[in-house]
>>> print(open('upload_14.txt').read())   # compact mmCIF, C-alpha atoms
# COMPACT_ATOMS: atom_id res chain seq x y z
CA MET P 155 -22.93 5.11 -12.71
CA SER P 156 -25.19 2.39 -11.28
CA ILE P 157 -24.25 -0.50 -9.00
CA LEU P 158 -23.73 -3.83 -10.77
CA THR P 159 -26.52 -6.35 -10.50
CA ASP P 160 -25.86 -9.76 -8.95
CA PRO P 161 -25.71 -11.44 -12.40
CA GLN P 162 -23.21 -8.80 -13.57
CA LYS P 163 -21.08 -9.43 -10.49
CA ALA P 164 -21.26 -13.19 -11.04
CA ALA P 165 -20.20 -12.70 -14.67
CA PHE P 166 -17.17 -10.71 -13.57
CA ALA P 167 -16.22 -13.34 -10.98
CA THR P 168 -16.42 -16.05 -13.64
CA SER P 169 -14.40 -14.16 -16.24
CA HIS P 170 -11.80 -12.87 -13.73
CA PRO P 171 -11.26 -15.76 -11.31
CA ALA P 172 -8.13 -14.22 -9.79
CA TRP P 173 -10.33 -11.57 -8.15
CA THR P 174 -12.36 -12.35 -5.04
CA LEU P 175 -15.83 -10.87 -4.86
CA HIS P 176 -16.87 -9.94 -1.33
CA GLU P 177 -20.15 -8.09 -1.03
CA GLU P 178 -19.51 -4.74 -2.72
CA THR P 179 -15.73 -5.07 -3.22
CA ILE P 180 -13.37 -7.02 -5.44
CA THR P 181 -9.88 -7.97 -4.25
CA ARG P 182 -6.82 -9.50 -5.85
CA THR P 183 -3.41 -10.29 -4.39
CA PHE P 184 -0.38 -10.14 -6.70
CA THR P 185 2.96 -11.73 -5.79
CA PHE P 186 6.22 -10.56 -7.35
CA GLU P 187 9.84 -11.56 -7.23
CA ASP P 188 10.73 -8.89 -4.69
CA PHE P 189 9.82 -5.52 -3.21
CA ALA P 190 11.23 -3.51 -6.12
CA GLU P 191 8.98 -5.40 -8.55
CA ALA P 192 6.02 -4.84 -6.26
CA ILE P 193 6.65 -1.08 -6.09
CA GLY P 194 7.02 -0.96 -9.87
CA PHE P 195 3.62 -2.60 -10.22
CA VAL P 196 2.06 -0.18 -7.72
CA THR P 197 3.41 2.76 -9.71
CA ARG P 198 1.86 1.33 -12.86
CA VAL P 199 -1.45 0.75 -11.08
CA GLY P 200 -1.23 4.30 -9.73
CA VAL P 201 -0.89 5.80 -13.18
CA ALA P 202 -3.77 3.67 -14.53
CA ALA P 203 -5.93 4.63 -11.54
CA GLU P 204 -5.20 8.32 -11.91
CA ARG P 205 -6.01 8.18 -15.60
CA VAL P 206 -9.59 7.13 -14.86
CA PHE P 207 -9.65 8.93 -11.49
CA HIS P 208 -10.64 5.74 -9.71
CA HIS P 209 -8.32 4.56 -6.95
CA PRO P 210 -7.98 1.11 -5.43
CA ASP P 211 -6.97 0.51 -1.85
CA ILE P 212 -3.40 -0.81 -2.06
CA ASP P 213 -1.60 -2.90 0.59
CA ILE P 214 2.10 -3.68 0.05
CA ARG P 215 3.78 -6.46 2.06
CA TRP P 216 7.31 -6.81 0.68
CA ASN P 217 6.73 -8.73 -2.61
CA THR P 218 2.94 -8.93 -2.29
CA VAL P 219 0.39 -6.30 -3.33
CA THR P 220 -3.31 -6.55 -2.50
CA LEU P 221 -5.74 -4.31 -4.39
CA THR P 222 -9.33 -3.72 -3.32
CA LEU P 223 -11.79 -1.93 -5.57
CA THR P 224 -15.20 -0.46 -4.93
CA SER P 225 -17.00 2.73 -5.93
CA HIS P 226 -17.31 4.62 -2.67
CA ASP P 227 -19.39 7.41 -4.22
CA VAL P 228 -22.26 5.06 -5.04
CA GLY P 229 -21.61 2.53 -2.26
CA GLY P 230 -21.02 -0.50 -4.43
CA LEU P 231 -19.34 -2.16 -7.38
CA THR P 232 -19.70 -0.45 -10.76
CA GLU P 233 -18.37 -0.75 -14.29
CA ARG P 234 -15.50 1.49 -13.20
CA ASP P 235 -14.28 -1.22 -10.82
CA VAL P 236 -14.43 -4.08 -13.26
CA GLU P 237 -12.89 -2.01 -16.04
CA LEU P 238 -9.96 -0.96 -13.86
CA ALA P 239 -9.55 -4.56 -12.62
CA ALA P 240 -9.38 -5.80 -16.20
CA ARG P 241 -6.85 -3.10 -17.08
CA ILE P 242 -4.67 -4.07 -14.09
CA ASP P 243 -4.92 -7.75 -15.04
CA SER P 244 -3.50 -6.87 -18.44
CA PHE P 245 -0.28 -5.75 -16.70
CA VAL P 246 0.45 -9.20 -15.26
CA ASP P 247 -1.59 -11.90 -16.99
CA MET O 277 21.25 -6.35 14.88
CA SER O 278 19.68 -6.48 18.35
CA ILE O 279 16.18 -5.52 19.41
CA LEU O 280 15.84 -2.06 20.92
CA THR O 281 15.52 -1.86 24.69
CA ASP O 282 12.45 -0.25 26.25
CA PRO O 283 14.37 2.98 27.02
CA GLN O 284 15.59 3.12 23.40
CA LYS O 285 12.02 2.68 22.17
CA ALA O 286 10.80 5.38 24.56
CA ALA O 287 13.54 7.70 23.30
CA PHE O 288 12.41 7.16 19.69
CA ALA O 289 8.77 7.76 20.60
CA THR O 290 9.70 11.03 22.29
CA SER O 291 11.91 12.29 19.46
CA HIS O 292 9.51 11.14 16.68
CA PRO O 293 6.02 11.85 18.06
CA ALA O 294 4.33 11.37 14.68
CA TRP O 295 5.07 7.65 14.93
CA THR O 296 2.98 5.35 17.12
CA LEU O 297 4.85 2.67 19.02
CA HIS O 298 2.85 -0.53 19.40
CA GLU O 299 4.72 -3.43 20.95
CA GLU O 300 7.38 -4.31 18.37
CA THR O 301 6.19 -2.06 15.52
CA ILE O 302 6.17 1.66 14.73
CA THR O 303 3.45 3.17 12.53
CA ARG O 304 2.88 6.56 10.96
CA THR O 305 0.04 7.76 8.75
CA PHE O 306 0.81 10.46 6.16
CA THR O 307 -1.92 12.50 4.47
CA PHE O 308 -1.37 14.17 1.11
CA GLU O 309 -3.32 16.44 -1.18
CA ASP O 310 -4.45 13.60 -3.41
CA PHE O 311 -3.72 10.08 -4.66
CA ALA O 312 -0.99 11.17 -7.08
CA GLU O 313 0.93 12.82 -4.23
CA ALA O 314 0.48 9.69 -2.12
CA ILE O 315 1.85 7.43 -4.87
CA GLY O 316 4.78 9.78 -5.38
CA PHE O 317 5.59 9.49 -1.67
CA VAL O 318 5.31 5.69 -1.79
CA THR O 319 7.76 5.58 -4.69
CA ARG O 320 10.20 7.70 -2.71
CA VAL O 321 9.78 5.46 0.36
CA GLY O 322 10.26 2.44 -1.89
CA VAL O 323 13.59 3.68 -3.18
CA ALA O 324 14.78 4.55 0.35
CA ALA O 325 13.65 1.13 1.61
CA GLU O 326 15.38 -0.72 -1.21
CA ARG O 327 18.57 1.22 -0.60
CA VAL O 328 18.85 -0.22 2.91
CA PHE O 329 17.01 -3.42 2.01
CA HIS O 330 14.47 -2.86 4.76
CA HIS O 331 10.84 -2.67 3.70
CA PRO O 332 7.89 -1.18 5.54
CA ASP O 333 4.36 -2.47 5.21
CA ILE O 334 2.56 0.17 3.14
CA ASP O 335 -1.20 0.79 3.03
CA ILE O 336 -2.55 3.33 0.53
CA ARG O 337 -6.08 4.71 0.92
CA TRP O 338 -6.46 7.43 -1.74
CA ASN O 339 -4.52 10.37 -0.24
CA THR O 340 -3.42 8.55 2.92
CA VAL O 341 -0.40 6.30 3.35
CA THR O 342 0.23 4.24 6.49
CA LEU O 343 3.70 2.78 7.02
CA THR O 344 4.47 0.09 9.58
CA LEU O 345 8.03 -0.86 10.42
CA THR O 346 9.51 -3.80 12.29
CA SER O 347 12.47 -6.12 11.79
CA HIS O 348 10.86 -9.44 11.00
CA ASP O 349 14.18 -11.31 10.95
CA VAL O 350 14.83 -10.60 14.64
CA GLY O 351 11.18 -10.32 15.72
CA GLY O 352 11.30 -6.77 17.00
CA LEU O 353 12.25 -3.13 16.54
CA THR O 354 15.88 -2.40 15.70
CA GLU O 355 18.06 0.51 14.68
CA ARG O 356 17.14 -0.26 11.09
CA ASP O 357 13.51 0.65 11.80
CA VAL O 358 14.20 3.91 13.57
CA GLU O 359 16.81 4.94 10.99
CA LEU O 360 14.42 4.31 8.09
CA ALA O 361 11.62 6.10 9.95
CA ALA O 362 13.85 9.14 10.45
CA ARG O 363 14.84 9.08 6.77
CA ILE O 364 11.17 8.93 5.72
CA ASP O 365 10.32 11.78 8.09
CA SER O 366 12.90 13.89 6.29
CA PHE O 367 10.81 13.61 3.11
CA VAL O 368 7.79 15.33 4.63
CA ASP O 369 8.66 17.21 7.83
>>> encode(input="upload_14.txt", output="structure tokens")
Amino acid sequence: MSILTDPQKAAFATSHPAWTLHEETITRTFTFEDFAEAIGFVTRVGVAAERVFHHPDIDIRWNTVTLTLTSHDVGGLTERDVELAARIDSFVD
Amino acid sequence: MSILTDPQKAAFATSHPAWTLHEETITRTFTFEDFAEAIGFVTRVGVAAERVFHHPDIDIRWNTVTLTLTSHDVGGLTERDVELAARIDSFVD
């Protein structure tokens, strides 16, 4: 699994504007009605992450969930990150 | 609900050494076998938190979960924090 090129990263940023590209990570913050909704989302993300064995960093602040993705094993963003991000987007968008 | 006094905070820190007291927050990091175990724990914490309508900040890093508790509404640590911390401890200790 190779690290995405700059044009590939730019293409992702354009097609998924809710995610913020920062060097070799992508981040998105999701806001829900309340904590219970946020935990429900995290559980769903957890199952999706486990399915592809690729795990975002997850920060929960009451009704807000921030996910950060990178591929630690290769030290950068890969197809795994953008595919999981797109999958997670499909839960809410 | 009043803010805990310094002796009350010190008593909690002594009786719950796995938690770190930092000004008006308490924090504990829990390490599990893997991500699935960590998510399972977060779900359990989520249900316990919702039950008392008091919600920790939750950071998930693969198999590691960090919880931070404070009572935002009164700007400090209260009985609610130490009671929820003790309940969460009962899940793992």
>>> interface_residues(input="upload_14.txt", of="chain O", to="chain P", cutoff="12 Å", atoms="all atoms listed in the file", output="PyMOL selection string")
chain O and resi 310-327+329-345+348
>>> residues_around(input="upload_14.txt", residues="P:Leu158", least_positions_apart="4", cutoff="12 Å", atoms="all atoms listed in the file", output="MDAnalysis selection string")
chainID P and resid 162:166 177:179 224:225 228:236
>>> residues_around(input="upload_14.txt", residues="O:Val368", least_positions_apart="2", cutoff="10 Å", atoms="all atoms listed in the file", output="PyMOL selection string")
chain O and resi 306+308+317+363-366
>>> atom_distance(input="upload_14.txt", atom1="atom CA of O:Val328", atom2="atom CA of P:Glu187")
17.7 Å
>>> axis_aligned_box(input="upload_14.txt", around="stretch 352-366 of chain O", padding_each_side="8 Å", output="AutoDock Vina command-line options")
--center_x 14.2 --center_y 3.6 --center_z 11.4 --size_x 23.7 --size_y 36.7 --size_z 27.3
>>> atom_distance(input="upload_14.txt", atom1="atom CA of O:Leu297", atom2="atom CA of P:Thr183")
28.0 Å
>>> atom_distance(input="upload_14.txt", atom1="atom CA of O:Asp282", atom2="atom CA of O:Leu360")
18.8 Å
>>> build_atoms(input="upload_14.txt", residues="stretch 323-334 of chain O", atoms="all heavy atoms", output="CSV table (one decimal), in the coordinates of the input")
chain,number,residue,atom,x,y,z
O,323,VAL,N,12.2,3.6,-2.8
O,323,VAL,CA,13.6,3.7,-3.2
O,323,VAL,C,14.4,3.7,-1.9
O,323,VAL,O,15.5,3.0,-1.8
O,323,VAL,CB,13.8,4.9,-4.1
O,323,VAL,CG1,15.3,5.2,-4.3
O,323,VAL,CG2,13.1,4.8,-5.4
O,324,ALA,N,14.0,4.5,-0.9
O,324,ALA,CA,14.8,4.6,0.4
O,324,ALA,C,14.8,3.2,1.0
O,324,ALA,O,15.9,2.8,1.6
O,324,ALA,CB,14.1,5.6,1.3
O,325,ALA,N,13.7,2.5,1.0
O,325,ALA,CA,13.6,1.1,1.6
O,325,ALA,C,14.6,0.2,0.9
O,325,ALA,O,15.3,-0.6,1.5
O,325,ALA,CB,12.2,0.6,1.6
O,326,GLU,N,14.6,0.2,-0.4
O,326,GLU,CA,15.4,-0.7,-1.2
O,326,GLU,C,16.9,-0.4,-1.0
O,326,GLU,O,17.7,-1.4,-0.9
O,326,GLU,CB,15.0,-0.6,-2.7
O,326,GLU,CG,15.5,-1.7,-3.6
O,326,GLU,CD,14.8,-3.0,-3.3
O,326,GLU,OE1,13.9,-3.1,-2.5
O,326,GLU,OE2,15.3,-4.0,-3.9
O,327,ARG,N,17.2,0.8,-0.8
O,327,ARG,CA,18.6,1.2,-0.6
O,327,ARG,C,19.2,0.6,0.6
O,327,ARG,O,20.3,0.2,0.6
O,327,ARG,CB,18.6,2.7,-0.5
O,327,ARG,CG,20.0,3.3,-0.4
O,327,ARG,CD,19.8,4.8,-0.4
O,327,ARG,NE,21.1,5.5,-0.4
O,327,ARG,CZ,21.3,6.8,-0.6
O,327,ARG,NH1,20.2,7.6,-0.8
O,327,ARG,NH2,22.4,7.3,-0.6
O,328,VAL,N,18.4,0.4,1.7
O,328,VAL,CA,18.8,-0.2,2.9
O,328,VAL,C,18.3,-1.6,3.1
O,328,VAL,O,18.5,-2.3,4.1
O,328,VAL,CB,18.5,0.6,4.2
O,328,VAL,CG1,19.3,1.9,4.1
O,328,VAL,CG2,17.0,0.9,4.3
O,329,PHE,N,17.6,-2.1,2.0
O,329,PHE,CA,17.0,-3.4,2.0
O,329,PHE,C,16.2,-3.7,3.3
O,329,PHE,O,16.4,-4.7,4.0
O,329,PHE,CB,18.0,-4.5,1.7
O,329,PHE,CG,17.4,-5.7,1.0
O,329,PHE,CD1,17.0,-5.5,-0.4
O,329,PHE,CD2,17.1,-6.9,1.6
O,329,PHE,CE1,16.4,-6.5,-1.0
O,329,PHE,CE2,16.4,-7.9,0.9
O,329,PHE,CZ,16.1,-7.7,-0.4
O,330,HIS,N,15.3,-2.7,3.6
O,330,HIS,CA,14.5,-2.9,4.8
O,330,HIS,C,13.1,-2.2,4.4
O,330,HIS,O,13.1,-1.1,4.0
O,330,HIS,CB,15.1,-2.1,6.0
O,330,HIS,CG,14.4,-2.4,7.2
O,330,HIS,ND1,14.2,-3.7,7.7
O,330,HIS,CD2,13.8,-1.6,8.2
O,330,HIS,CE1,13.6,-3.7,8.8
O,330,HIS,NE2,13.3,-2.4,9.1
O,331,HIS,N,12.1,-3.0,4.4
O,331,HIS,CA,10.8,-2.7,3.7
O,331,HIS,C,9.6,-2.5,4.6
O,331,HIS,O,9.2,-3.5,5.2
O,331,HIS,CB,10.6,-3.8,2.6
O,331,HIS,CG,11.7,-4.0,1.7
O,331,HIS,ND1,12.6,-5.1,1.9
O,331,HIS,CD2,12.2,-3.3,0.7
O,331,HIS,CE1,13.5,-5.0,1.0
O,331,HIS,NE2,13.3,-4.0,0.2
O,332,PRO,N,9.1,-1.3,4.7
O,332,PRO,CA,7.9,-1.2,5.5
O,332,PRO,C,6.7,-1.8,4.9
O,332,PRO,O,6.6,-2.0,3.7
O,332,PRO,CB,7.7,0.3,5.6
O,332,PRO,CG,8.5,0.9,4.5
O,332,PRO,CD,9.5,-0.1,4.1
O,333,ASP,N,5.7,-2.2,5.7
O,333,ASP,CA,4.4,-2.5,5.2
O,333,ASP,C,3.8,-1.1,4.8
O,333,ASP,O,3.9,-0.1,5.6
O,333,ASP,CB,3.5,-3.1,6.3
O,333,ASP,CG,3.9,-4.6,6.6
O,333,ASP,OD1,4.7,-5.1,5.8
O,333,ASP,OD2,3.4,-5.1,7.6
O,334,ILE,N,3.1,-1.1,3.7
O,334,ILE,CA,2.6,0.2,3.1
O,334,ILE,C,1.1,0.0,2.8
O,334,ILE,O,0.8,-0.9,2.0
O,334,ILE,CB,3.3,0.6,1.9
O,334,ILE,CG1,4.8,0.7,2.2
O,334,ILE,CG2,2.8,1.9,1.3
O,334,ILE,CD1,5.7,0.9,0.9
